[in-house]
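**Q** Structure file upload.txt (compact mmCIF, C-alpha atoms and all ligand atoms) right here:
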```txt
# COMPACT_ATOMS: atom_id res chain seq x y z
CA MET A 1 17.04 21.29 141.18
CA ILE A 2 20.04 23.55 141.86
CA HIS A 3 23.24 24.63 140.22
CA THR A 4 26.18 24.97 142.64
CA PRO A 5 27.23 28.62 142.30
CA VAL A 6 30.86 29.06 141.33
CA LEU A 7 33.21 31.22 143.49
CA LEU A 8 30.27 32.28 145.65
CA ARG A 9 32.28 33.68 148.57
CA GLU A 10 34.44 35.75 146.22
CA VAL A 11 31.38 36.99 144.31
CA LEU A 12 29.79 38.23 147.53
CA GLU A 13 33.00 39.85 148.77
CA LEU A 14 33.57 41.77 145.55
CA LEU A 15 29.95 42.63 144.72
CA ALA A 16 29.48 43.60 148.38
CA PRO A 17 25.65 43.72 148.21
CA GLN A 18 24.14 46.02 150.86
CA LYS A 19 20.60 46.29 152.23
CA GLY A 20 18.29 48.09 149.81
CA GLU A 21 20.58 47.91 146.77
CA ILE A 22 19.55 47.02 143.21
CA PHE A 23 21.30 44.14 141.45
CA LEU A 24 21.20 42.69 137.98
CA ASP A 25 21.97 39.00 137.60
CA ALA A 26 22.36 38.84 133.83
CA THR A 27 22.84 35.05 133.80
CA LEU A 28 20.30 33.98 136.39
CA GLY A 29 20.59 30.24 135.63
CA LEU A 30 18.92 28.37 138.47
CA GLY A 31 19.35 31.32 140.82
CA GLY A 32 22.25 30.05 142.93
CA HIS A 33 24.19 33.32 143.10
CA ALA A 34 20.93 35.27 143.07
CA THR A 35 19.72 33.60 146.29
CA ALA A 36 22.86 34.70 148.13
CA ILE A 37 22.59 38.26 146.74
CA LEU A 38 18.90 38.46 147.69
CA GLU A 39 19.71 37.43 151.26
CA LYS A 40 22.17 40.33 151.51
CA ILE A 41 20.03 43.08 149.93
CA GLY A 42 16.97 42.17 152.02
CA ALA A 43 13.34 42.97 151.28
CA THR A 44 14.07 46.62 150.50
CA GLY A 45 16.51 45.67 147.75
CA LYS A 46 15.67 44.53 144.24
CA LEU A 47 17.06 41.91 141.88
CA ILE A 48 16.51 41.78 138.15
CA GLY A 49 17.18 38.28 136.88
CA ILE A 50 17.81 37.71 133.19
CA ASP A 51 18.28 34.50 131.28
CA ALA A 52 17.90 33.63 127.61
CA ASP A 53 16.80 30.11 128.45
CA ALA A 54 13.10 29.72 129.21
CA ARG A 55 13.50 26.45 131.10
CA ASN A 56 16.21 27.79 133.40
CA LEU A 57 14.17 30.92 134.02
CA LYS A 58 11.22 28.79 135.05
CA LEU A 59 13.37 26.78 137.45
CA ALA A 60 14.86 30.00 138.85
CA HIS A 61 11.30 31.20 139.43
CA ALA A 62 10.60 28.11 141.53
CA ASN A 63 13.93 28.30 143.39
CA LEU A 64 13.39 32.00 144.25
CA LYS A 65 9.70 31.72 145.14
CA ASN A 66 10.31 32.97 148.69
CA PHE A 67 11.54 36.35 147.45
CA SER A 68 8.98 38.89 146.25
CA ASN A 69 11.54 41.46 145.06
CA VAL A 70 12.77 39.68 141.92
CA LYS A 71 11.91 40.75 138.40
CA PHE A 72 12.39 37.92 135.90
CA GLN A 73 13.14 38.68 132.29
CA ARG A 74 13.78 36.33 129.40
CA ALA A 75 16.36 38.08 127.27
CA ASN A 76 19.87 37.97 125.93
CA PHE A 77 22.12 40.03 128.20
CA ARG A 78 23.43 41.88 125.15
CA LYS A 79 20.13 43.81 125.39
CA ILE A 80 20.39 44.90 129.05
CA GLY A 81 20.79 48.49 127.93
CA ASN A 82 17.21 48.39 126.62
CA LEU A 83 15.83 46.66 129.71
CA VAL A 84 17.41 48.65 132.50
CA LYS A 85 17.82 52.44 132.87
CA ALA A 86 21.24 54.09 132.70
CA ASN A 87 23.00 54.65 136.04
CA SER A 88 20.45 52.57 137.94
CA VAL A 89 22.05 49.42 139.35
CA ASP A 90 24.52 48.85 142.19
CA GLY A 91 25.91 45.60 140.88
CA ILE A 92 25.94 43.26 137.89
CA LEU A 93 26.89 39.60 137.70
CA LEU A 94 27.71 37.73 134.49
CA ASP A 95 28.40 34.03 135.13
CA LEU A 96 28.93 32.96 131.55
CA GLY A 97 28.17 29.88 129.55
CA LEU A 98 26.24 26.79 130.42
CA SER A 99 24.45 25.67 133.54
CA SER A 100 25.02 22.11 134.70
CA LEU A 101 21.43 21.43 133.69
CA HIS A 102 22.23 22.23 130.07
CA LEU A 103 24.93 19.58 130.03
CA ASP A 104 22.78 17.01 131.81
CA ASN A 105 19.79 17.51 129.53
CA ALA A 106 20.55 15.37 126.47
CA THR A 107 17.74 16.94 124.43
CA ARG A 108 19.67 20.23 124.25
CA GLY A 109 22.67 18.74 122.46
CA PHE A 110 25.34 20.53 124.51
CA SER A 111 27.21 17.43 125.64
CA PHE A 112 29.24 15.09 123.45
CA ARG A 113 28.73 12.44 126.13
CA ASN A 114 24.96 12.29 125.63
CA SER A 115 23.02 11.30 122.56
CA GLY A 116 20.69 14.10 121.50
CA PRO A 117 19.77 16.53 118.72
CA LEU A 118 22.61 18.85 117.62
CA ASP A 119 20.85 21.93 118.96
CA MET A 120 22.93 24.00 121.47
CA ARG A 121 20.63 27.06 121.53
CA PHE A 122 20.22 28.88 124.85
CA ASP A 123 17.17 30.61 123.41
CA SER A 124 14.84 28.24 121.55
CA ARG A 125 13.18 31.21 119.78
CA GLN A 126 16.23 31.56 117.58
CA THR A 127 16.37 29.35 114.48
CA LEU A 128 20.11 28.70 114.08
CA THR A 129 21.22 25.37 115.59
CA ALA A 130 24.51 23.47 115.60
CA ALA A 131 23.09 21.01 113.04
CA GLU A 132 22.18 23.90 110.74
CA ILE A 133 25.74 25.26 110.91
CA LEU A 134 27.27 21.86 110.08
CA ASN A 135 24.80 21.20 107.26
CA SER A 136 24.82 24.65 105.62
CA SER A 137 28.12 26.48 106.20
CA THR A 138 30.97 26.25 103.73
CA GLU A 139 34.00 24.08 104.50
CA ASN A 140 36.06 27.24 105.11
CA GLU A 141 33.49 28.71 107.48
CA ILE A 142 33.40 25.47 109.47
CA ALA A 143 37.20 25.33 109.65
CA ASP A 144 37.21 28.94 110.92
CA ILE A 145 34.71 28.09 113.65
CA PHE A 146 36.86 25.19 114.90
CA PHE A 147 40.01 27.29 114.68
CA LYS A 148 38.77 30.57 116.14
CA PHE A 149 36.37 29.34 118.80
CA GLY A 150 37.87 25.93 119.58
CA GLU A 151 41.54 26.85 119.02
CA ILE A 152 41.92 23.57 117.12
CA ARG A 153 44.99 23.36 114.88
CA SER A 154 43.68 20.53 112.71
CA SER A 155 40.52 22.55 111.97
CA ARG A 156 40.80 22.19 108.16
CA LYS A 157 41.07 18.42 108.34
CA ILE A 158 38.01 18.16 110.58
CA ALA A 159 36.02 20.56 108.38
CA ARG A 160 36.78 18.29 105.42
CA LYS A 161 35.38 15.33 107.36
CA VAL A 162 32.23 17.32 108.11
CA VAL A 163 31.70 18.01 104.42
CA GLU A 164 32.38 14.36 103.50
CA PHE A 165 29.80 13.19 106.05
CA ARG A 166 27.07 15.54 104.91
CA ARG A 167 27.43 14.44 101.29
CA LYS A 168 25.92 11.14 102.47
CA GLN A 169 23.56 12.28 105.21
CA LYS A 170 22.58 15.35 107.19
CA PHE A 171 23.95 16.06 110.66
CA LEU A 172 21.10 15.58 113.10
CA ARG A 173 22.44 14.17 116.36
CA THR A 174 25.45 14.60 118.63
CA GLU A 175 26.69 11.11 117.75
CA ASP A 176 26.86 12.08 114.05
CA LEU A 177 29.52 14.64 114.97
CA VAL A 178 31.22 12.52 117.63
CA GLY A 179 31.51 9.68 115.09
CA ILE A 180 33.65 11.63 112.61
CA ILE A 181 36.12 13.00 115.17
CA GLU A 182 39.05 10.60 115.39
CA ILE A 183 40.91 12.36 118.20
CA LYS A 184 38.30 12.19 120.94
CA SER A 185 40.23 14.58 123.20
CA LEU A 186 39.23 17.36 120.74
CA LEU A 187 35.52 16.87 121.39
CA PRO A 188 35.20 19.47 124.19
CA GLN A 189 36.71 22.16 121.94
CA ILE A 190 34.65 21.08 118.92
CA PHE A 191 31.43 21.31 120.93
CA GLN A 192 32.51 24.58 122.55
CA SER A 193 33.24 26.17 119.18
CA LEU A 194 29.81 25.29 117.83
CA ARG A 195 28.05 26.47 120.99
CA ILE A 196 29.87 29.82 120.85
CA THR A 197 28.78 30.21 117.23
CA VAL A 198 25.17 29.14 117.72
CA ASN A 199 24.70 31.63 120.56
CA ASP A 200 27.00 34.33 119.15
CA GLU A 201 28.56 34.29 122.60
CA LEU A 202 31.61 36.49 122.12
CA ASN A 203 29.67 39.31 120.43
CA SER A 204 27.01 39.05 123.14
CA LEU A 205 29.68 39.39 125.81
CA GLU A 206 31.19 42.50 124.16
CA ALA A 207 27.77 44.10 123.78
CA GLY A 208 26.74 43.08 127.32
CA LEU A 209 29.87 44.62 128.85
CA HIS A 210 29.36 47.93 127.04
CA ALA A 211 25.73 48.03 128.14
CA ALA A 212 26.72 47.09 131.71
CA GLU A 213 29.02 50.09 131.95
CA LYS A 214 26.10 52.40 131.12
CA ILE A 215 23.56 50.94 133.52
CA LEU A 216 25.87 50.80 136.53
CA LYS A 217 25.61 53.62 139.04
CA SER A 218 28.73 55.40 140.15
CA ASN A 219 30.42 53.05 142.69
CA GLY A 220 28.52 50.12 141.13
CA ARG A 221 30.36 46.79 140.91
CA ILE A 222 30.55 44.31 138.05
CA ILE A 223 31.75 40.71 138.15
CA VAL A 224 32.33 38.44 135.19
CA ILE A 225 33.05 34.74 135.59
CA SER A 226 34.31 33.20 132.37
CA PHE A 227 35.14 29.62 131.47
CA HIS A 228 37.59 29.82 128.59
CA SER A 229 40.41 32.06 127.42
CA LEU A 230 38.44 33.65 124.55
CA GLU A 231 35.90 35.07 127.02
CA ASP A 232 38.48 36.01 129.62
CA ARG A 233 40.51 37.96 127.05
CA ILE A 234 37.47 40.05 126.14
CA VAL A 235 36.77 40.85 129.80
CA LYS A 236 40.43 41.62 130.56
CA ASN A 237 40.74 43.98 127.60
CA PHE A 238 37.42 45.69 128.32
CA PHE A 239 38.35 46.36 131.96
CA ARG A 240 41.80 47.58 130.93
CA GLU A 241 40.33 50.01 128.40
CA LYS A 242 37.84 51.36 130.94
CA LYS A 243 40.57 51.71 133.55
CA LYS A 244 42.63 53.79 131.11
CA ALA A 245 39.60 55.98 130.47
CA ARG A 246 39.16 56.35 134.28
CA ILE A 247 35.68 54.86 134.09
CA PHE A 248 36.44 51.65 136.03
CA GLU A 249 38.68 50.73 138.90
CA VAL A 250 39.76 47.11 138.40
CA LEU A 251 39.32 45.15 141.64
CA THR A 252 41.15 41.99 140.53
CA LYS A 253 44.74 42.51 139.35
CA LYS A 254 44.81 38.87 138.27
CA PRO A 255 41.74 36.73 137.68
CA ILE A 256 40.51 34.83 140.73
CA THR A 257 40.30 31.05 140.27
CA PRO A 258 38.63 28.40 142.45
CA SER A 259 40.54 26.66 145.23
CA PRO A 260 41.46 22.97 144.86
CA LEU A 261 38.72 22.22 147.39
CA GLU A 262 36.05 24.00 145.31
CA ILE A 263 37.24 22.21 142.17
CA HIS A 264 37.05 18.91 144.03
CA GLU A 265 33.52 19.62 145.25
CA ASN A 266 32.31 21.18 141.98
CA PRO A 267 34.42 20.02 139.01
CA ARG A 268 32.49 22.37 136.69
CA SER A 269 34.24 25.29 138.43
CA ARG A 270 37.63 23.99 137.18
CA SER A 271 38.20 26.52 134.41
CA ALA A 272 36.46 29.51 136.03
CA LYS A 273 38.16 32.91 136.04
CA LEU A 274 36.61 35.80 137.90
CA ARG A 275 37.31 39.46 137.19
CA ALA A 276 35.72 42.39 138.97
CA ALA A 277 35.60 46.15 138.54
CA ARG A 278 33.96 49.20 140.12
CA LYS A 279 32.53 52.14 138.19
CA ILE A 280 34.23 55.27 139.43
C1 LIG B 1 26.59 29.36 134.38
S1 LIG B 1 24.87 29.57 134.26
C2 LIG B 1 24.49 30.65 135.58
C3 LIG B 1 24.31 29.98 136.90
C4 LIG B 1 23.84 30.89 138.00
N1 LIG B 1 24.83 31.89 138.33
C5 LIG B 1 23.48 30.08 139.23
O1 LIG B 1 24.16 30.25 140.28
O2 LIG B 1 22.52 29.31 139.20
C6 LIG B 1 24.71 30.62 132.89
C7 LIG B 1 23.31 30.97 132.48
O3 LIG B 1 23.36 32.07 131.61
C8 LIG B 1 22.49 31.89 130.55
N2 LIG B 1 23.07 32.62 129.43
C9 LIG B 1 24.20 32.36 128.76
N3 LIG B 1 24.43 33.31 127.85
C10 LIG B 1 23.42 34.22 127.95
C11 LIG B 1 23.11 35.43 127.29
N4 LIG B 1 23.89 35.91 126.32
N5 LIG B 1 22.01 36.10 127.68
C12 LIG B 1 21.23 35.64 128.68
N6 LIG B 1 21.46 34.49 129.33
C13 LIG B 1 22.55 33.79 128.98
C14 LIG B 1 22.40 30.40 130.33
O4 LIG B 1 21.16 30.04 129.78
C15 LIG B 1 22.57 29.86 131.75
O5 LIG B 1 21.32 29.65 132.37
```
If you convert what's in this file into structure tokens, what do you get?

**A**
Amino acid sequence: MIHTPVLLREVLELLAPQKGEIFLDATLGLGGHATAILEKIGATGKLIGIDADARNLKLAHANLKNFSNVKFQRANFRKIGNLVKANSVDGILLDLGLSSLHLDNATRGFSFRNSGPLDMRFDSRQTLTAAEILNSSTENEIADIFFKFGEIRSSRKIARKVVEFRRKQKFLRTEDLVGIIEIKSLLPQIFQSLRITVNDELNSLEAGLHAAEKILKSNGRIIVISFHSLEDRIVKNFFREKKKARIFEVLTKKPITPSPLEIHENPRSRSAKLRAARKI
């Protein structure tokens, strides 16, 4: 099982991995980008691969079995500052969000196209699920989630429908949620907003970026690939702030996006935006 790595050529150009260097792949996934990095750093280099998802980490283990210089770690990347020493890595990759496997696996509840439990956790050790949010949050809190993380204008109306539904029965499955949404074109944003909340994704990204700055060596490179404007804004602002403070040189004036050919071959890459920086 593999996950086609997004913007791979651009990642390698900007990360510029050299023989013997140390890299942190903070979103290892199925190890697509990691394989290419490992080939460049050779046997004298080292890769630390982090993922919050135990199943993906296991698959990455199998996909990277030919490399003996990988350290696997199940963790949220917001904690990389506790896992890796300051000023110790030559490059960091954050390829945010879901892997294609998450969407394809109905039992994880990430896809509105598949019937499954309303789960959406990357890390199954955490207790909060999407169902829990819909069943227990107030109407206002639910409206805020749809508005802030899904950028949905009719968020109040949909939150009201959620509360009406749960008066009769609990939310358990993806189809419970799909069934109350009249405008089906809103489903991607509805699901995205719940996923962001379940995994506290925007706060994790902020914390991960601050930790990344500390663990990079001088001249170390960082790449972030994001998949929606809320994430990209955080990355853009963080890089801008660090540039002002003369801590980072920004390597991408504008975000890099996939070519029409890449989008054709890998539709999941469609909304990707890549930004890169170098620690001065
Ligand atoms: C887009 S996939 C990465 C794909 C990978 N680059 C590849 O080529 O196979 C994102 C991965 O990051 C993981 N992930 C998302 N947020 C995370 C977080 N805050 N901490 C750790 N892992 C996270 C997900 O479980 C998923 O496996």

**Q** Would you list the contacts of Val235 in chain A as a list of chain:residue names, taking every protein, DNA or RNA residue within 8 Å and counting all atoms listed in the file, but skipping same-chain residues closer than 6 positions in sequence?

**A**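 Contacts, in chain order: A:Leu209, A:Val224, A:Arg275.
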
**Q** Can you build me a table of chain A residues sitting at most 9 Å from ligand LIG 1 (chain B), with the closest atom pair per residue and its distance in Å to one decimal, using all atoms listed in the file, sorted by chain and residue number, as a Markdown table?

**A**
```
| residue | atom | partner | partner_atom | distance |
| --- | --- | --- | --- | --- |
| A:Ile2 | CA | B:LIG1 | O2 | 6.8 |
| A:His3 | CA | B:LIG1 | O2 | 4.8 |
| A:Thr4 | CA | B:LIG1 | O1 | 6.1 |
| A:Pro5 | CA | B:LIG1 | O1 | 4.0 |
| A:Val6 | CA | B:LIG1 | O1 | 6.9 |
| A:Leu8 | CA | B:LIG1 | O1 | 8.4 |
| A:Asp25 | CA | B:LIG1 | N1 | 7.7 |
| A:Ala26 | CA | B:LIG1 | C12 | 6.2 |
| A:Thr27 | CA | B:LIG1 | O3 | 3.7 |
| A:Leu28 | CA | B:LIG1 | C4 | 5.0 |
| A:Gly29 | CA | B:LIG1 | O5 | 3.4 |
| A:Leu30 | CA | B:LIG1 | O2 | 3.8 |
| A:Gly31 | CA | B:LIG1 | O2 | 4.1 |
| A:Gly32 | CA | B:LIG1 | O1 | 3.3 |
| A:His33 | CA | B:LIG1 | O1 | 4.2 |
| A:Ala34 | CA | B:LIG1 | O1 | 6.6 |
| A:Thr35 | CA | B:LIG1 | O1 | 8.2 |
| A:Ile50 | CA | B:LIG1 | C12 | 6.0 |
| A:Asp51 | CA | B:LIG1 | N6 | 3.7 |
| A:Ala52 | CA | B:LIG1 | C12 | 4.0 |
| A:Asp53 | CA | B:LIG1 | O4 | 4.6 |
| A:Ala54 | CA | B:LIG1 | O4 | 8.1 |
| A:Arg55 | CA | B:LIG1 | O5 | 8.5 |
| A:Asn56 | CA | B:LIG1 | O5 | 5.5 |
| A:Leu57 | CA | B:LIG1 | O5 | 7.4 |
| A:Ala60 | CA | B:LIG1 | O2 | 7.7 |
| A:Arg74 | CA | B:LIG1 | C12 | 7.5 |
| A:Ala75 | CA | B:LIG1 | C12 | 5.6 |
| A:Asn76 | CA | B:LIG1 | N5 | 3.3 |
| A:Phe77 | CA | B:LIG1 | N5 | 4.0 |
| A:Arg78 | CA | B:LIG1 | N4 | 6.1 |
| A:Lys79 | CA | B:LIG1 | N5 | 8.3 |
| A:Leu93 | CA | B:LIG1 | N1 | 8.0 |
| A:Leu94 | CA | B:LIG1 | N1 | 7.6 |
| A:Asp95 | CA | B:LIG1 | C1 | 5.1 |
| A:Leu96 | CA | B:LIG1 | C6 | 5.0 |
| A:Gly97 | CA | B:LIG1 | C9 | 4.7 |
| A:Leu98 | CA | B:LIG1 | C1 | 4.7 |
| A:Ser99 | CA | B:LIG1 | S1 | 4.0 |
| A:Ser100 | CA | B:LIG1 | C1 | 7.4 |
| A:Leu101 | CA | B:LIG1 | O5 | 8.3 |
| A:His102 | CA | B:LIG1 | C15 | 7.8 |
| A:Arg121 | CA | B:LIG1 | O4 | 8.8 |
| A:Phe122 | CA | B:LIG1 | O4 | 5.2 |
| A:Asp123 | CA | B:LIG1 | O4 | 7.5 |
| A:Asn199 | CA | B:LIG1 | N4 | 7.2 |
| A:Asp200 | CA | B:LIG1 | N4 | 8.0 |
| A:Glu201 | CA | B:LIG1 | N4 | 6.2 |
| A:Leu202 | CA | B:LIG1 | N4 | 8.8 |
| A:Asn203 | CA | B:LIG1 | N4 | 8.9 |
| A:Ser204 | CA | B:LIG1 | N4 | 5.5 |
| A:Leu205 | CA | B:LIG1 | N4 | 6.8 |
| A:Gly208 | CA | B:LIG1 | N4 | 7.8 |
| A:Ile225 | CA | B:LIG1 | C1 | 8.5 |
| A:Ser226 | CA | B:LIG1 | C1 | 8.9 |
```

**Q** So the first atom is CA of Arg221 in chain A and the second is CA of Lys279 in chain A; what is the distance between them in Å, to one decimal place?

**A**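 Distance between the two atoms: 6.4 Å.
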
**Q** Give the answer as one residue: which of A:Arg113, A:Leu103, A:Arg173, A:Ser193 has the shortest atom-to-atom distance to Glu141 in chain A, using only C-alpha atoms?

**A**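 Of A:Arg113, A:Leu103, A:Arg173, A:Ser193, the one nearest Glu141 in chain A, counting only C-alpha atoms, is A:Ser193.
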
**Q** Using all atoms listed in the file for the distances, tell me which of A:Gln169, A:Asn87, A:Ser111, A:Ser68 is nearest to Ser218 in chain A.

**A**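 Using all atoms listed in the file, Ser218 in chain A sits closest to A:Asn87.
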
**Q** Find the distance between CA of Phe72 in chain A and CA of Lys58 in chain A and write it in Å to one decimal.

**A**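 Computing it gives 9.2 Å between the two atoms.
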
**Q** So, with all atoms listed in the file as the atoms that count, which of A:Ala159, A:Ile152, A:Leu7, A:Leu83 lies closest to Glu139 in chain A?

**A**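 Of the candidates, the smallest distance to Glu139 in chain A is held by A:Ala159.
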
**Q** Show me as a CSV table (one decimal) with C-alpha atoms, in the coordinates of the input the residues that reach within 12 Å of (41.3, 33.0, 143.2), counting all atoms listed in the file and using the file's own coordinates.

**A**
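Saved as result-v2.csv:
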```csv
chain,number,residue,atom,x,y,z
A,6,VAL,CA,30.9,29.1,141.3
A,7,LEU,CA,33.2,31.2,143.5
A,8,LEU,CA,30.3,32.3,145.6
A,9,ARG,CA,32.3,33.7,148.6
A,10,GLU,CA,34.4,35.8,146.2
A,11,VAL,CA,31.4,37.0,144.3
A,14,LEU,CA,33.6,41.8,145.6
A,225,ILE,CA,33.0,34.7,135.6
A,252,THR,CA,41.2,42.0,140.5
A,253,LYS,CA,44.7,42.5,139.4
A,254,LYS,CA,44.8,38.9,138.3
A,255,PRO,CA,41.7,36.7,137.7
A,256,ILE,CA,40.5,34.8,140.7
A,257,THR,CA,40.3,31.0,140.3
A,258,PRO,CA,38.6,28.4,142.4
A,259,SER,CA,40.5,26.7,145.2
A,260,PRO,CA,41.5,23.0,144.9
A,261,LEU,CA,38.7,22.2,147.4
A,262,GLU,CA,36.0,24.0,145.3
A,263,ILE,CA,37.2,22.2,142.2
A,269,SER,CA,34.2,25.3,138.4
A,270,ARG,CA,37.6,24.0,137.2
A,271,SER,CA,38.2,26.5,134.4
A,272,ALA,CA,36.5,29.5,136.0
A,273,LYS,CA,38.2,32.9,136.0
A,274,LEU,CA,36.6,35.8,137.9
A,275,ARG,CA,37.3,39.5,137.2
A,276,ALA,CA,35.7,42.4,139.0
```

**Q** Looking at only C-alpha atoms, which of A:Ile215, A:Ile234, A:Glu175, A:Lys242 is the one that sits closest to Ile80 in chain A?

**A**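 Comparing A:Ile215, A:Ile234, A:Glu175, A:Lys242 against Ile80 in chain A, the winner is A:Ile215.
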
**Q** Enclose range 236-242 of chain A, meaning all of its atoms listed in the file, in a box aligned along x, y and z, pad it by 5 Å on each side, and list the centre and edge lengths in Å to one decimal, as JSON.

**A**
```
{"center_x": 39.6, "center_y": 46.5, "center_z": 129.8, "size_x": 14.4, "size_y": 19.7, "size_z": 14.4}
```

**Q** Of the candidates A:Glu265, A:Glu213, A:Asp232, A:Asp104, which shows the shortest atom-to-atom distance to Ile247 in chain A, using all atoms listed in the file?

**A** A:Glu213

**Q** Would you mind reading off the distance between CA of Ile181 in chain A and CA of Arg160 in chain A, one decimal, in Å?

**A**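 Atom-to-atom, CA of Ile181 in chain A and CA of Arg160 in chain A are spaced 11.1 Å apart.
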
**Q** Anything within 7 Å of (25.8, 52.9, 141.0): list those residues as a ChimeraX atom specification, counting all atoms listed in the file and sticking to the file's coordinates.

**A** /A:87-90,216-220

**Q** Mind dumping the selected residues with C-alpha atoms as an mmCIF file, in the coordinates of the input?

**A**
```cif
data_model
loop_
_atom_site.group_PDB
_atom_site.id
_atom_site.type_symbol
_atom_site.label_atom_id
_atom_site.label_comp_id
_atom_site.auth_asym_id
_atom_site.auth_seq_id
_atom_site.Cartn_x
_atom_site.Cartn_y
_atom_site.Cartn_z
ATOM 1 C CA ASN A 87 23.000 54.650 136.040
ATOM 2 C CA SER A 88 20.450 52.570 137.940
ATOM 3 C CA VAL A 89 22.050 49.420 139.350
ATOM 4 C CA ASP A 90 24.520 48.850 142.190
ATOM 5 C CA LEU A 216 25.870 50.800 136.530
ATOM 6 C CA LYS A 217 25.610 53.620 139.040
ATOM 7 C CA SER A 218 28.730 55.400 140.150
ATOM 8 C CA ASN A 219 30.420 53.050 142.690
ATOM 9 C CA GLY A 220 28.520 50.120 141.130
#
```

**Q** Given all atoms listed in the file as the basis, pick out the residue of A:Ala245, A:Leu134, A:Ile22, A:Leu177 nearest to Gly42 in chain A.

**A**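 Smallest distance to Gly42 in chain A is found for A:Ile22.
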
**Q** Fewer than 5 positions away in the same chain doesn't count, so skip those; otherwise give me all residues within 8 Å of Met120 in chain A, counting all atoms listed in the file, as number ranges by chain.

**A** A: 108-110, 129-130, 194-195, 198-199

**Q** Can you pull out the residues contacting Phe147 in chain A? Cut-off 12 Å, using only C-alpha atoms, and skip same-chain residues under 2 positions away; I want them as a PDB file with C-alpha atoms, keeping the file's coordinate frame.

**A**
```
ATOM      1  CA  ASN A 140      36.060  27.240 105.110  1.00  0.00           C
ATOM      2  CA  GLU A 141      33.490  28.710 107.480  1.00  0.00           C
ATOM      3  CA  ILE A 142      33.400  25.470 109.470  1.00  0.00           C
ATOM      4  CA  ALA A 143      37.200  25.330 109.650  1.00  0.00           C
ATOM      5  CA  ASP A 144      37.210  28.940 110.920  1.00  0.00           C
ATOM      6  CA  ILE A 145      34.710  28.090 113.650  1.00  0.00           C
ATOM      7  CA  PHE A 149      36.370  29.340 118.800  1.00  0.00           C
ATOM      8  CA  GLY A 150      37.870  25.930 119.580  1.00  0.00           C
ATOM      9  CA  GLU A 151      41.540  26.850 119.020  1.00  0.00           C
ATOM     10  CA  ILE A 152      41.920  23.570 117.120  1.00  0.00           C
ATOM     11  CA  ARG A 153      44.990  23.360 114.880  1.00  0.00           C
ATOM     12  CA  SER A 154      43.680  20.530 112.710  1.00  0.00           C
ATOM     13  CA  SER A 155      40.520  22.550 111.970  1.00  0.00           C
ATOM     14  CA  ARG A 156      40.800  22.190 108.160  1.00  0.00           C
ATOM     15  CA  LYS A 157      41.070  18.420 108.340  1.00  0.00           C
ATOM     16  CA  ILE A 158      38.010  18.160 110.580  1.00  0.00           C
ATOM     17  CA  ALA A 159      36.020  20.560 108.380  1.00  0.00           C
ATOM     18  CA  LEU A 186      39.230  17.360 120.740  1.00  0.00           C
ATOM     19  CA  GLN A 189      36.710  22.160 121.940  1.00  0.00           C
ATOM     20  CA  ILE A 190      34.650  21.080 118.920  1.00  0.00           C
ATOM     21  CA  GLN A 192      32.510  24.580 122.550  1.00  0.00           C
ATOM     22  CA  SER A 193      33.240  26.170 119.180  1.00  0.00           C
ATOM     23  CA  LEU A 194      29.810  25.290 117.830  1.00  0.00           C
ATOM     24  CA  THR A 197      28.780  30.210 117.230  1.00  0.00           C
ATOM     25  CA  LEU A 230      38.440  33.650 124.550  1.00  0.00           C
TER      26      LEU A 230
END
```

**Q** Could I get range 190-200 of chain A from the block written out with N, CA and C atoms, as a PDB file, in the first residue's frame?

**A**
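Ended up saving to part.pdb:
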```pdb
ATOM      1  N   ILE A 190     -18.089  20.628   5.890  1.00  0.00           N
ATOM      2  CA  ILE A 190     -18.636  20.174   7.174  1.00  0.00           C
ATOM      3  C   ILE A 190     -17.692  19.122   7.775  1.00  0.00           C
ATOM      4  N   PHE A 191     -17.298  18.159   6.944  1.00  0.00           N
ATOM      5  CA  PHE A 191     -16.417  17.091   7.441  1.00  0.00           C
ATOM      6  C   PHE A 191     -15.053  17.656   7.823  1.00  0.00           C
ATOM      7  N   GLN A 192     -14.547  18.571   6.990  1.00  0.00           N
ATOM      8  CA  GLN A 192     -13.247  19.189   7.298  1.00  0.00           C
ATOM      9  C   GLN A 192     -13.294  19.904   8.644  1.00  0.00           C
ATOM     10  N   SER A 193     -14.379  20.637   8.902  1.00  0.00           N
ATOM     11  CA  SER A 193     -14.437  21.434  10.130  1.00  0.00           C
ATOM     12  C   SER A 193     -14.452  20.521  11.359  1.00  0.00           C
ATOM     13  N   LEU A 194     -15.116  19.397  11.252  1.00  0.00           N
ATOM     14  CA  LEU A 194     -15.142  18.473  12.396  1.00  0.00           C
ATOM     15  C   LEU A 194     -13.778  17.807  12.586  1.00  0.00           C
ATOM     16  N   ARG A 195     -13.156  17.441  11.482  1.00  0.00           N
ATOM     17  CA  ARG A 195     -11.840  16.794  11.556  1.00  0.00           C
ATOM     18  C   ARG A 195     -10.813  17.735  12.195  1.00  0.00           C
ATOM     19  N   ILE A 196     -10.852  19.000  11.786  1.00  0.00           N
ATOM     20  CA  ILE A 196      -9.916  19.989  12.354  1.00  0.00           C
ATOM     21  C   ILE A 196     -10.132  20.091  13.863  1.00  0.00           C
ATOM     22  N   THR A 197     -11.400  20.048  14.275  1.00  0.00           N
ATOM     23  CA  THR A 197     -11.711  20.184  15.701  1.00  0.00           C
ATOM     24  C   THR A 197     -11.299  18.936  16.472  1.00  0.00           C
ATOM     25  N   VAL A 198     -11.661  17.775  15.946  1.00  0.00           N
ATOM     26  CA  VAL A 198     -11.322  16.522  16.638  1.00  0.00           C
ATOM     27  C   VAL A 198      -9.816  16.453  16.896  1.00  0.00           C
ATOM     28  N   ASN A 199      -9.033  16.806  15.894  1.00  0.00           N
ATOM     29  CA  ASN A 199      -7.574  16.647  16.015  1.00  0.00           C
ATOM     30  C   ASN A 199      -6.863  17.937  16.438  1.00  0.00           C
ATOM     31  N   ASP A 200      -7.632  18.965  16.747  1.00  0.00           N
ATOM     32  CA  ASP A 200      -7.060  20.244  17.171  1.00  0.00           C
ATOM     33  C   ASP A 200      -5.942  20.657  16.198  1.00  0.00           C
TER      34      ASP A 200
END
```
